[in-house]
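K.L.:
One structure, pasted below without further comment.
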Amino acid sequence: MLYPNTIEQKLVLIKIREHLKAACISPLGQTVVDKMRFSSDFDLIDKLVRQTAEFKYILQSGESFPASNYIDVHGHLSKAAVEGAFLTEEELFEVKLSLKTIHDCLRFFEQKDESLYPQLRELSKIVEVDFNLLKTIDRIVDDRGKLRDDASPELQAIRRQMLAEQANLRKTLDSILRQAKSQGYTADDASITIRNGRMVIPVSAEYKRRIKGFVQDESATGQTIFLEPAEVLDINNEIAELGYRERREIIRILTEVTGKLRPFVPALRRAYTFLGLMDFIRAKAKFAIQTEAINPAFVKQSLIQWDNARHALLTLSFKKQGKTVVPLNIRLDHNRRILVISGPNAGGKSIALKTVGLTQYMFQCGLLVSVGEDSKMGLFKDLFMDIGDEQSLENDLSTYSSHLTNMKHFLKMAGKHTLFLIDEFGTGTEPGMGGAIAESILEGLNQTKAFGVINTHYANLKSFADRTEGVLNGAMRFDTEHLEPLYQLEMGQPGSSFAFEIAHKIGLPKEIIATAKEKVGQGQVNFDKMLRDLEKEKRQMATRNQEMAQKDKQLNQTLKEYNELKSYLDTERKKILNQAKEEAKKLLKDTNQRIESTIREIREKQAQKEETKELRRELQVFESSLKPEYVPPAPVEEALEIKVIGGDIGVGDLVRIKGQSAVGEVLDINLKGKEALIGIGELKSNVKLNRLEKISRKEYRAHTVENTPPRLRGVDLNEKMNNFSYQLDLRGKRGEEALQEVDNFIDNAILVGSPELRIVHGKGDGILRNLVRSHLRNYKQVKSLEDEHADRGGAGVTIIKMNS
């Protein structure tokens with residue numbers, strides 16, 4: 001049940017219908033728009049919204065669905081249903097075009113997987129037309145909407161004879177016209193024309209008796225007459241007779257075809273109903289795309305669980321202005337059914353109420369709605385609404401009386417499947433009594449187990465919602481610092497009207513505001529103050545939560561990067577250790593071979609003492625060559641002495657920390673004067689004053705990091721070896737950049753003594769590969785270049801063997 005009967009006007013659904021009609025291709029779809037109605041049938045609503053969602057997918061996927069010739073031919077079908085009647089060529093042509101569109105729509109679904117568009121495919125089953133009719137019409141009507149010459153043998157013979165007679169007629173008239181021009185009876189630029197359906201020649205009026213014939217017409221001035229020469233009279237008569245025969249044959253053919261069409265008129269009507277529905281569903285899908293609407297989860301119970309719900313018309317309006325709608329988050333279920341929204345005027349209470357009403361109404365009309373993906377739509381059998389001034393002069397009802405009349409209906413008809421919406425509950429009469437009556441009505445509505453949203457300023461209703469099961473408060477949030485509405489609904493707490501703050505902002509005298517506070521009473525003032533403080537704390541907590549979320553995000557990102565770096569270092573460490581073990585293994589093998597060779601030489605040659613000493617000396621030289629080179633430690637600079645000037649320390653003074661070389665500037669001193677905030681470079685720190693010594697600006701400049709000359713460092717070979725990777729990835733690099741990285745890579749490889757390297761450059765056109773290999777051949781330390789194994793990159797990777 002819908003109440004009142006003007007509910008569509010209150011929700012401005014007429015605007016939704018206008019948008020849908022504008023999106024329709026033809027009157028077929030526009031007629032269905034007018035028939036769109038609110039439904040409480042779960043299965044029907046589910047089917048309608050799924051149809052729209054499927055068509056939305058078709059549009060967004062870019063698939064080519066028939067989009068032309070959605071022609072309304074219901075009038076033609078009514079005419080064809082009459083025995084003996086026939087459709088004209090134009091009417092039959094429109095039937096042909098629209099039938100082809102229906103056929104193309106059906107073929108679209110037939111060519112798709114059955115599971116892709118199940119609802120639209122099911123809808124197409126209402127079409128039971130024999131499309132041989134389309135072939136029949138196409139055989140006699142061409143693509144210009146005219147009967148084909150070969151529509152019948154008789155018509156073909158007539159038209160051939162007519163062409164021959166017209167050619168003969170034109171030939172004769174051309175001869176007569178040339179002679180008339182030569183004799184000066186007509187103008188030199190005159191040509192054959194048609195008057196009264198007969199071919200004639202123009203002749204000057206003064207010479208009309210010089211040529212035998214019949215005058216068919218004359219010019220507006222009377223100076224030229226249009227003459228049918230006697231020589232062509234019979235030919236024109238013959239052509240006219242052929243024209244009559246052609247017309248009779250055309251009527252016969254059209255009557256015959258219409259007769260074939262007549263038995264299928266009922267089936268054709270259903271087919272065109274399908275075509276109108278396709279047009280209507282397409283319009284709904286287009287509107288859904290414009291309003292960013294979706295098909296949320298739909299349950300067979302009364303509830304509202306919406307995230308980021310937006311008023312459809314407001315969304316369209318704001319989109320044109322380049323603005324965005326503040327979304328609405330609302331939850332109503334069997335435990336919390338009635339929401340009492342309070343807050344300042346112009347804070348968005350009415351928009352929130354209308355968003356709830358319009359969104360639910362649209363969905364139960366089969367439209368997609370502008371809500372978040374995680375939202376859930378419930379089902380309501382009744383939708384009651386009390387919005388706006390319903391004062392009636394005819395019924396002698398005041399605004400308040402009208403509200404009470406609506407409340408009477410609500411209390412009588414509401415049930416657990418009812419959704420009611422009430423704007424400015426209880427206004428229109430003396431506030432004390434109005435508030436009491438409103439509270440009693442709210443209590444009665446709560447007992448009916450109905451769902452609802454109510455806007456109010458009454459404090460007693462806020463208190464009632466706070467202490468009553470099934471009812472909860474909601475507040476439209478307000479920026480207490482700038483005294484501006486935020487248009488955000490906050491569920492679970494009441495809102496303040498911020499009347500005194502707004503009055504102060506617009507410049508009302510302070511004494512007036514103070515007097516008003518006294519008249520209201522301290523209790524009410526304290527209550528509003530509590531609400532304001534609560535709103536302020538809420539905003540602060542929201543800001544802190546946002547900051548904490550950002551920090552958590554940064555921490556997680558840092559942790560992720562750390563884990564990735566640790567994993568990379570572990571992998572590189574394993575590679576380096578494995579490589580070192582291989583080199584050690586090889587070195588040990590070479591050493592053992594050298595020792596064994598030396599011993600063998602001593603034994604085989606039975607060397608004398610001096611020869612033995614020489615062999616041992618060579619072995620010692622070889623052993624010395626295996627020892628790592630000594631790397632002297634980096635020189636340590638002596639700490640430079642800092643001169644202290646002494647004296648009291650204040651903000652802006654330059655200081656150093658006693659016993660340290662760190663110098664900084666005093667940024668602040670606390671109230672007790674025991675600690676100072678000092679800045680040391682980018683670092684800020686609190687240090688006790690008794691640990692600081694005052695220095696001059698000259699000393700400060702001499703010892704700051706910025707003015708200290710860079711220290712020379714030696715090369716840490718161990719660090720180089722630990723950090724060196726035997727593989728270089730050049731993919732995506734430009735030539736000059738790639739060669740620079742190759743140079744650095746080879747230099748480091750030579751330094752750490754890596755025997756084999758790997759450069760990844762990709763295959764592509766081979767430009768980067770050729771450039772890199774050509775550059776590498778300039779290094780004397782490079783022994784050879786070869787492709788990697790095909791399983792590990794092939795020509796996209798270059799393996800470099802280094803000279804030992």
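How things are named: the first chain in the structure tokens is A, the next is B, and so on; residues count from 1 in each chain; ligands count from 1 in the order shown.
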Which residues are close to Ile250 in chain A, i.e. within 9 Å by only C-alpha atoms, leaving aside same-chain residues fewer than 4 positions away? Reply as a PyMOL selection string.

P.N.:
chain A and resi 89+147+151+155+245-246+254-255

K.L.:
Using only C-alpha atoms, determine which residues lie at most 12 Å from Ser175 in chain A, disregarding the query and same-chain residues fewer than 5 positions distant; provide the list as a list in words.

P.N.:
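Near neighbours after the sequence-gap exclusion: Asn168, Leu169, Arg170, Ala180, Lys181, Ser182, Ser191, Ile192, Ile201, Pro229, Glu231 and Val232 of chain A.
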
K.L.:
How would the residues just picked look written out with C-alpha atoms as a PDB file, in the first residue's frame?

P.N.:
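Ended up saving to out13.pdb:
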ATOM      1  CA  ASN A 168       8.847   6.570 -76.509  1.00  0.00           C
ATOM      2  CA  LEU A 169       6.973   9.555 -75.109  1.00  0.00           C
ATOM      3  CA  ARG A 170      10.164  11.364 -74.088  1.00  0.00           C
ATOM      4  CA  ALA A 180       9.587  24.459 -81.287  1.00  0.00           C
ATOM      5  CA  LYS A 181      12.873  25.969 -80.095  1.00  0.00           C
ATOM      6  CA  SER A 182      14.163  26.287 -83.656  1.00  0.00           C
ATOM      7  CA  SER A 191      12.610  21.353 -70.929  1.00  0.00           C
ATOM      8  CA  ILE A 192       9.996  18.647 -70.672  1.00  0.00           C
ATOM      9  CA  ILE A 201       6.313  21.052 -73.106  1.00  0.00           C
ATOM     10  CA  PRO A 229       1.066  17.877 -78.269  1.00  0.00           C
ATOM     11  CA  GLU A 231       1.162  13.471 -81.319  1.00  0.00           C
ATOM     12  CA  VAL A 232       1.701  12.196 -77.731  1.00  0.00           C
TER      13      VAL A 232
END

K.L.:
Once DSSP has gone over the backbone, tell me which residues of range 193-246 of chain A are in alpha helix (DSSP H), as number ranges by chain.

P.N.:
A: 233-246

K.L.:
What would the file look like if the residues just selected were written as a PDB file, in the first residue's frame with N, CA and C atoms?

P.N.:
ATOM      1  N   LEU A 233      -0.688  12.348 -77.383  1.00  0.00           N
ATOM      2  CA  LEU A 233      -1.923  12.173 -76.600  1.00  0.00           C
ATOM      3  C   LEU A 233      -2.166  10.686 -76.330  1.00  0.00           C
ATOM      4  N   ASP A 234      -2.058   9.893 -77.362  1.00  0.00           N
ATOM      5  CA  ASP A 234      -2.336   8.475 -77.185  1.00  0.00           C
ATOM      6  C   ASP A 234      -1.302   7.808 -76.270  1.00  0.00           C
ATOM      7  N   ILE A 235      -0.072   8.285 -76.427  1.00  0.00           N
ATOM      8  CA  ILE A 235       0.983   7.688 -75.575  1.00  0.00           C
ATOM      9  C   ILE A 235       0.726   8.018 -74.101  1.00  0.00           C
ATOM     10  N   ASN A 236       0.380   9.282 -73.825  1.00  0.00           N
ATOM     11  CA  ASN A 236       0.087   9.686 -72.438  1.00  0.00           C
ATOM     12  C   ASN A 236      -1.107   8.917 -71.896  1.00  0.00           C
ATOM     13  N   ASN A 237      -2.088   8.708 -72.751  1.00  0.00           N
ATOM     14  CA  ASN A 237      -3.260   7.945 -72.309  1.00  0.00           C
ATOM     15  C   ASN A 237      -2.868   6.513 -71.960  1.00  0.00           C
ATOM     16  N   GLU A 238      -1.991   5.970 -72.800  1.00  0.00           N
ATOM     17  CA  GLU A 238      -1.540   4.597 -72.541  1.00  0.00           C
ATOM     18  C   GLU A 238      -0.768   4.507 -71.216  1.00  0.00           C
ATOM     19  N   ILE A 239       0.076   5.523 -70.974  1.00  0.00           N
ATOM     20  CA  ILE A 239       0.842   5.549 -69.707  1.00  0.00           C
ATOM     21  C   ILE A 239      -0.099   5.689 -68.522  1.00  0.00           C
ATOM     22  N   ALA A 240      -1.110   6.540 -68.648  1.00  0.00           N
ATOM     23  CA  ALA A 240      -2.077   6.715 -67.563  1.00  0.00           C
ATOM     24  C   ALA A 240      -2.803   5.407 -67.276  1.00  0.00           C
ATOM     25  N   GLU A 241      -3.202   4.716 -68.349  1.00  0.00           N
ATOM     26  CA  GLU A 241      -3.878   3.427 -68.170  1.00  0.00           C
ATOM     27  C   GLU A 241      -2.965   2.412 -67.490  1.00  0.00           C
ATOM     28  N   LEU A 242      -1.692   2.406 -67.884  1.00  0.00           N
ATOM     29  CA  LEU A 242      -0.737   1.505 -67.229  1.00  0.00           C
ATOM     30  C   LEU A 242      -0.575   1.852 -65.752  1.00  0.00           C
ATOM     31  N   GLY A 243      -0.642   3.174 -65.434  1.00  0.00           N
ATOM     32  CA  GLY A 243      -0.553   3.607 -64.037  1.00  0.00           C
ATOM     33  C   GLY A 243      -1.725   3.071 -63.221  1.00  0.00           C
ATOM     34  N   TYR A 244      -2.934   3.117 -63.816  1.00  0.00           N
ATOM     35  CA  TYR A 244      -4.103   2.575 -63.101  1.00  0.00           C
ATOM     36  C   TYR A 244      -3.938   1.074 -62.877  1.00  0.00           C
ATOM     37  N   ARG A 245      -3.446   0.377 -63.915  1.00  0.00           N
ATOM     38  CA  ARG A 245      -3.236  -1.066 -63.779  1.00  0.00           C
ATOM     39  C   ARG A 245      -2.178  -1.382 -62.705  1.00  0.00           C
ATOM     40  N   GLU A 246      -1.137  -0.550 -62.677  1.00  0.00           N
ATOM     41  CA  GLU A 246      -0.089  -0.749 -61.663  1.00  0.00           C
ATOM     42  C   GLU A 246      -0.663  -0.587 -60.259  1.00  0.00           C
TER      43      GLU A 246
END

K.L.:
As a PDB file with N, CA, C and O atoms, in the first residue's frame, please: the residues near Asn803 in chain A (cut-off 8 Å, only C-alpha atoms, same-chain neighbours under 4 positions excluded).

P.N.:
ATOM      1  N   PRO A 755      84.350 -14.425 -11.317  1.00  0.00           N
ATOM      2  CA  PRO A 755      84.785 -15.063 -12.567  1.00  0.00           C
ATOM      3  C   PRO A 755      83.711 -15.084 -13.652  1.00  0.00           C
ATOM      4  O   PRO A 755      84.014 -15.218 -14.825  1.00  0.00           O
ATOM      5  N   GLN A 781      89.499  -7.412 -19.542  1.00  0.00           N
ATOM      6  CA  GLN A 781      89.231  -8.402 -18.506  1.00  0.00           C
ATOM      7  C   GLN A 781      88.128  -9.371 -18.920  1.00  0.00           C
ATOM      8  O   GLN A 781      87.914 -10.391 -18.260  1.00  0.00           O
ATOM      9  N   VAL A 782      87.375  -9.045 -19.988  1.00  0.00           N
ATOM     10  CA  VAL A 782      86.294  -9.919 -20.449  1.00  0.00           C
ATOM     11  C   VAL A 782      86.880 -10.984 -21.358  1.00  0.00           C
ATOM     12  O   VAL A 782      87.487 -10.684 -22.388  1.00  0.00           O
ATOM     13  N   LYS A 783      86.735 -12.231 -20.961  1.00  0.00           N
ATOM     14  CA  LYS A 783      87.300 -13.352 -21.714  1.00  0.00           C
ATOM     15  C   LYS A 783      86.394 -13.767 -22.864  1.00  0.00           C
ATOM     16  O   LYS A 783      86.850 -13.929 -24.001  1.00  0.00           O
TER      17      LYS A 783
END

K.L.:
Can you tell me, as a list in words, what residues are no more than 10 Å from Leu123 in chain A when counting only C-alpha atoms, ignoring any on the same chain fewer than 4 positions away?

P.N.:
Lys47, Gln51, Pro118, Gln119, Val127, Phe274, Leu277 and Met278 of chain A

K.L.:
Grab the residues selected above and save them as a JSON list (two decimals), in the first residue's frame with C-alpha atoms.

P.N.:
[["chain", "number", "residue", "atom", "x", "y", "z"],
["A", 47, "LYS", "CA", 13.37, -10.35, -11.94],
["A", 51, "GLN", "CA", 16.93, -7.67, -16.19],
["A", 118, "PRO", "CA", 19.24, -15.55, -18.13],
["A", 119, "GLN", "CA", 16.54, -12.97, -17.31],
["A", 127, "VAL", "CA", 8.06, -13.88, -28.86],
["A", 274, "PHE", "CA", 8.89, -7.52, -26.05],
["A", 277, "LEU", "CA", 10.29, -3.87, -22.89],
["A", 278, "MET", "CA", 13.76, -4.02, -24.45]]

K.L.:
Can you tell me how far CA of Gly732 in chain A sits from CA of Val760 in chain A, in Å to one decimal?

P.N.:
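The value is 10.6 Å.
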
K.L.:
Go ahead and compute the interatomic distance for CA of Leu97 in chain A and CA of Lys260 in chain A, in Å to one decimal.

P.N.:
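For CA of Leu97 in chain A relative to CA of Lys260 in chain A, the distance reads 17.4 Å.
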